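One structure is given below, encoded as structure tokens.
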Amino acid sequence: MLLRRCGTDALLVEVDSLTEVAAVRAALEGLDGIEELVPAARTVLVKGALPQVREALATVDLTKAPENHPREVTIPVIYDGPDLDLVADTAGISPEEVVKLHTGATYEVAFCGFAPGFGYLTGLPASLQQPRLDSPRTKVPAGSVGIAGEFTAAYPRATPGGWRLIGRTEIVLFDQKAETPALLQPGDQVRFVVA
Amino acid sequence: MNRKITIIRTGPQALIQDLGRPGNAHLGVPPSGAVDPDSLKLANRLVGNDEAAAGLELLLGGAELTTDASCTIAVTGPHTRLWIDDKLADSHQPLHLPKASTLKVGTPDTGLRTYLAFSGGIDVPAELGSRSTDLLSGIGPDPLRDNDVLPLGTPNVPIGADVVPPHRALQTLVIPIRLGPRDDWFDDAETQLQQGEWFVSDRSNRVGARLSGTKLNRRDGEIPSEGMITGAVQVPPDGQPVVFLNDHPTTGGYPVIGVVDRDHLRFLGQARPGTGVRFRPID
């Protein structure tokens, strides 16, 4: 674990894996005085309460992923994505087996970014861990469900994107007018089901 | 019955801004809020508002508006001339705007952004706890258009006026910067920052102040996306630094050579394109 200074009141905590990111996030979550806590692929950015943060980090066990998930979320998906056949061919299986694999796994929101409410979910079965498209789409429709590398995600809004799209959901992932605007938050446990 | 203002003309850009919605970066939501928060807070104090009330952020002034009931207003930021029913008035003081009168905001003498507070504050619905327009992610009210009507909240009794000199934008800014978190991506980051010379590019906006000038030499490649804070100086492969302002993305994959303190950031936020920029690395 490496602590990198980030201005006067923030630190970038650098670790080696997503499991370690989750451990750091869980250790810091809820500390008084923290203004921002932003997990990412190999880092956790924390702003505010630096003395308490350093104290908490001194005793964190990085090997232990947090066991408590604040929430469990189920996302119904219509598996008719434009890249479903490509994903099946790449994995050497049928589209039906892709759906079975994708709905059979349990995922965790590792972090959010790219757009409000866009959660990067880990837990993707190995044969579905596939590269991005060679040429990204200029517009991925809102609700699209895709895979890229070790992650799967649902697009909260229409944006450009290079993920391989296997389906779509009609669930609202981000509503800025709602009391709880984001469906997914770091640490949430997620399952996909056939709509 | 709420008092209302009607925007007759927006000028180049008129946005509703308060102090933003920090604390939501883990959801991918930028902090947003006034780029020059000190000026918005001052304008609010002058009209008896809570410092965090929503007002207008005008780019290069030029707005014209009217009100359906009398209210107290104040304009802050760089020094700007105003006209109330064609009678000349000044920025940086509370002014009475009579019912059905017309306020014209001139172009500021220097700088970019003027702030306009109304007694009671602008009372549009908040999103994620803030009324700020976020131009990156489209959260908050849309940028204002001509003829928009905005409700005002209930005014407080002013508790006294500040005397604060108008902000004066300089020809060249010398900005203190703290190295890190990714200064190890650069050969001698401190010397490169100290010796470089830049100017504010006309592609700057509320997302970032884009600087043009000395190329910062860095390693090739990208970092897995990591959290970004306001004031982070990101260096893309072309070596031209971008200083993140209030509507910055919450994560990014280019190395951050250093971070500008919040207290100095507003000077960059007020800098017109062409303004010179030098960095002074500090510990």
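Order determines the names: the first chain of the structure tokens is A, the second B, and so forth; residues in each chain are numbered 1 upward, and ligands are numbered 1 upward as they are shown.
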
Counting only C-alpha atoms, what is within 6 Å of Pro78 (chain B), bar same-chain residues fewer than 4 positions away, as a compact mmCIF listing (two decimals) with C-alpha atoms, in the first residue's frame?
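Produced file result24.txt, reproduced below:
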# COMPACT_ATOMS: atom_id res chain seq x y z
CA PRO B 108 -16.48 42.94 -16.42
CA GLY B 111 -11.72 38.37 -15.48
CA PRO B 166 -13.44 43.64 -6.40
CA HIS B 167 -11.42 40.77 -7.73
CA ARG B 168 -8.77 42.04 -10.16

Point to revise | Contact set, chain A to chain B: 9 Å, only C-alpha atoms, as a PyMOL selection string | key: chain A and resi 3-8+10-12+34-47+111-119+176-182+184-186

Practice item. Compare A:Leu2, A:Val172, A:Val53, A:Ala110 by their minimum atom-to-atom distance to His69 (chain A), counting only C-alpha atoms, and give me the closest one. Key: A:Ala110

Exercise for review: Select from region 59-166 of chain A everything DSSP, run on the backbone, classes as strand (DSSP E or B), then give the selection as number ranges by chain.
Suggested key: A: 72-78, 107-112, 119-122, 137-140, 144-148, 151-154, 159-161, 164-166

I need the chosen residues saved as a CSV table (one decimal), in the first residue's frame, with C-alpha atoms.
chain,number,residue,atom,x,y,z
A,72,GLU,CA,-28.3,-6.2,-2.8
A,73,VAL,CA,-29.6,-5.2,-6.2
A,74,THR,CA,-31.2,-7.3,-8.9
A,75,ILE,CA,-31.2,-6.0,-12.5
A,76,PRO,CA,-33.6,-7.6,-15.0
A,77,VAL,CA,-32.0,-7.8,-18.5
A,78,ILE,CA,-33.3,-8.5,-22.0
A,107,TYR,CA,-21.2,-9.3,-8.8
A,108,GLU,CA,-19.9,-6.5,-6.6
A,109,VAL,CA,-19.8,-2.8,-7.5
A,110,ALA,CA,-16.1,-2.1,-7.4
A,111,PHE,CA,-16.4,1.5,-8.2
A,112,CYS,CA,-18.3,4.1,-10.1
A,119,GLY,CA,-20.9,1.1,-11.8
A,120,TYR,CA,-18.0,-1.2,-12.7
A,121,LEU,CA,-19.0,-4.7,-11.5
A,122,THR,CA,-16.5,-7.4,-10.7
A,137,ARG,CA,-19.7,3.1,-30.7
A,138,THR,CA,-20.4,6.8,-30.9
A,139,LYS,CA,-23.7,6.2,-29.1
A,140,VAL,CA,-24.6,3.3,-26.7
A,144,SER,CA,-27.3,-1.2,-22.4
A,145,VAL,CA,-25.6,-4.0,-20.5
A,146,GLY,CA,-22.0,-4.7,-21.6
A,147,ILE,CA,-18.8,-6.4,-20.7
A,148,ALA,CA,-15.2,-5.2,-21.0
A,151,PHE,CA,-16.0,-5.8,-15.7
A,152,THR,CA,-19.6,-5.8,-16.6
A,153,ALA,CA,-21.9,-2.7,-16.4
A,154,ALA,CA,-25.1,-1.2,-17.4
A,159,THR,CA,-23.0,7.8,-24.1
A,160,PRO,CA,-20.2,6.8,-26.5
A,161,GLY,CA,-18.7,3.4,-25.4
A,164,ARG,CA,-19.4,-5.5,-25.9
A,165,LEU,CA,-23.2,-5.2,-25.5
A,166,ILE,CA,-25.0,-8.4,-24.6

Practice item. As a ChimeraX atom specification, please: all residues of region 6-94 of chain B that backbone DSSP puts in helix (DSSP H, G or I). Key: /B:25-27,37-46

Any idea what's packed within 10 Å of region 93-97 of chain A, counting only C-alpha atoms, ignoring anything in its chain fewer than 5 positions away? Could you give it as a PDB file with N, CA, C and O atoms, in the first residue's frame?
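For reference, result32.pdb as written:
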ATOM      1  N   TYR A  79     -31.731 -10.084 -22.891  1.00  0.00           N
ATOM      2  CA  TYR A  79     -30.444 -10.425 -23.519  1.00  0.00           C
ATOM      3  C   TYR A  79     -30.570 -10.474 -25.041  1.00  0.00           C
ATOM      4  O   TYR A  79     -30.671 -11.543 -25.632  1.00  0.00           O
ATOM      5  N   ASP A  80     -30.567  -9.305 -25.672  1.00  0.00           N
ATOM      6  CA  ASP A  80     -30.634  -9.249 -27.141  1.00  0.00           C
ATOM      7  C   ASP A  80     -29.610  -8.244 -27.683  1.00  0.00           C
ATOM      8  O   ASP A  80     -29.840  -7.574 -28.675  1.00  0.00           O
ATOM      9  N   ASP A  83     -23.841  -7.436 -29.592  1.00  0.00           N
ATOM     10  CA  ASP A  83     -22.570  -8.168 -29.579  1.00  0.00           C
ATOM     11  C   ASP A  83     -22.707  -9.543 -28.910  1.00  0.00           C
ATOM     12  O   ASP A  83     -21.700 -10.190 -28.622  1.00  0.00           O
ATOM     13  N   LEU A  84     -23.944  -9.988 -28.680  1.00  0.00           N
ATOM     14  CA  LEU A  84     -24.141 -11.267 -27.977  1.00  0.00           C
ATOM     15  C   LEU A  84     -23.488 -12.419 -28.742  1.00  0.00           C
ATOM     16  O   LEU A  84     -22.811 -13.268 -28.147  1.00  0.00           O
ATOM     17  N   ASP A  85     -23.660 -12.431 -30.076  1.00  0.00           N
ATOM     18  CA  ASP A  85     -23.067 -13.509 -30.873  1.00  0.00           C
ATOM     19  C   ASP A  85     -21.543 -13.430 -30.865  1.00  0.00           C
ATOM     20  O   ASP A  85     -20.861 -14.452 -30.770  1.00  0.00           O
ATOM     21  N   LEU A  86     -21.017 -12.217 -30.946  1.00  0.00           N
ATOM     22  CA  LEU A  86     -19.557 -12.017 -30.899  1.00  0.00           C
ATOM     23  C   LEU A  86     -18.987 -12.541 -29.578  1.00  0.00           C
ATOM     24  O   LEU A  86     -17.970 -13.242 -29.551  1.00  0.00           O
ATOM     25  N   VAL A  87     -19.675 -12.230 -28.494  1.00  0.00           N
ATOM     26  CA  VAL A  87     -19.219 -12.675 -27.169  1.00  0.00           C
ATOM     27  C   VAL A  87     -19.278 -14.202 -27.090  1.00  0.00           C
ATOM     28  O   VAL A  87     -18.341 -14.848 -26.596  1.00  0.00           O
ATOM     29  N   ALA A  88     -20.357 -14.787 -27.627  1.00  0.00           N
ATOM     30  CA  ALA A  88     -20.500 -16.246 -27.620  1.00  0.00           C
ATOM     31  C   ALA A  88     -19.391 -16.889 -28.452  1.00  0.00           C
ATOM     32  O   ALA A  88     -18.733 -17.834 -28.002  1.00  0.00           O
ATOM     33  N   HIS A 102     -23.811 -15.168 -17.397  1.00  0.00           N
ATOM     34  CA  HIS A 102     -23.935 -13.788 -16.918  1.00  0.00           C
ATOM     35  C   HIS A 102     -24.942 -13.687 -15.784  1.00  0.00           C
ATOM     36  O   HIS A 102     -24.764 -12.915 -14.837  1.00  0.00           O
ATOM     37  N   THR A 103     -26.025 -14.474 -15.866  1.00  0.00           N
ATOM     38  CA  THR A 103     -27.045 -14.420 -14.814  1.00  0.00           C
ATOM     39  C   THR A 103     -26.678 -15.334 -13.632  1.00  0.00           C
ATOM     40  O   THR A 103     -27.240 -15.192 -12.551  1.00  0.00           O
ATOM     41  N   SER A 127     -14.702 -16.762 -18.916  1.00  0.00           N
ATOM     42  CA  SER A 127     -14.866 -16.824 -20.376  1.00  0.00           C
ATOM     43  C   SER A 127     -15.581 -15.589 -20.919  1.00  0.00           C
ATOM     44  O   SER A 127     -15.589 -15.359 -22.123  1.00  0.00           O
ATOM     45  N   ILE A 166     -24.337  -7.089 -24.519  1.00  0.00           N
ATOM     46  CA  ILE A 166     -25.015  -8.384 -24.568  1.00  0.00           C
ATOM     47  C   ILE A 166     -26.511  -8.252 -24.289  1.00  0.00           C
ATOM     48  O   ILE A 166     -27.260  -9.183 -24.521  1.00  0.00           O
TER      49      ILE A 166
END

**Study point:** CA of Trp83 (chain B) to CA of Leu103 (chain B), straight-line distance in Å
**Key:**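 Atom-to-atom, CA of Leu103 (chain B) and CA of Trp83 (chain B) are spaced 5.7 Å apart.
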
Exercise for review: Quick one: everything within 8 Å of Leu59 (chain B), counting only C-alpha atoms, minus sequence neighbours fewer than 6 positions away in the same chain. Send it as a list in words.
Suggested key: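 Residues meeting the cut-off are Gly11, Pro12, Gln13, Ala14, Leu112, Arg113 and Thr114 of chain B.
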
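Using only C-alpha atoms, the protein and nucleic acid residues lying no more than 6 Å from region 20-25 of chain A, apart from those fewer than 3 places from it along its own chain, are Ser17, Leu28, Glu29, Leu62, Ala65 and Pro66 of chain A.
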
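Rounded to one decimal, CA of Arg3 (chain B) and CA of Leu82 (chain B) lie 21.6 Å from each other.
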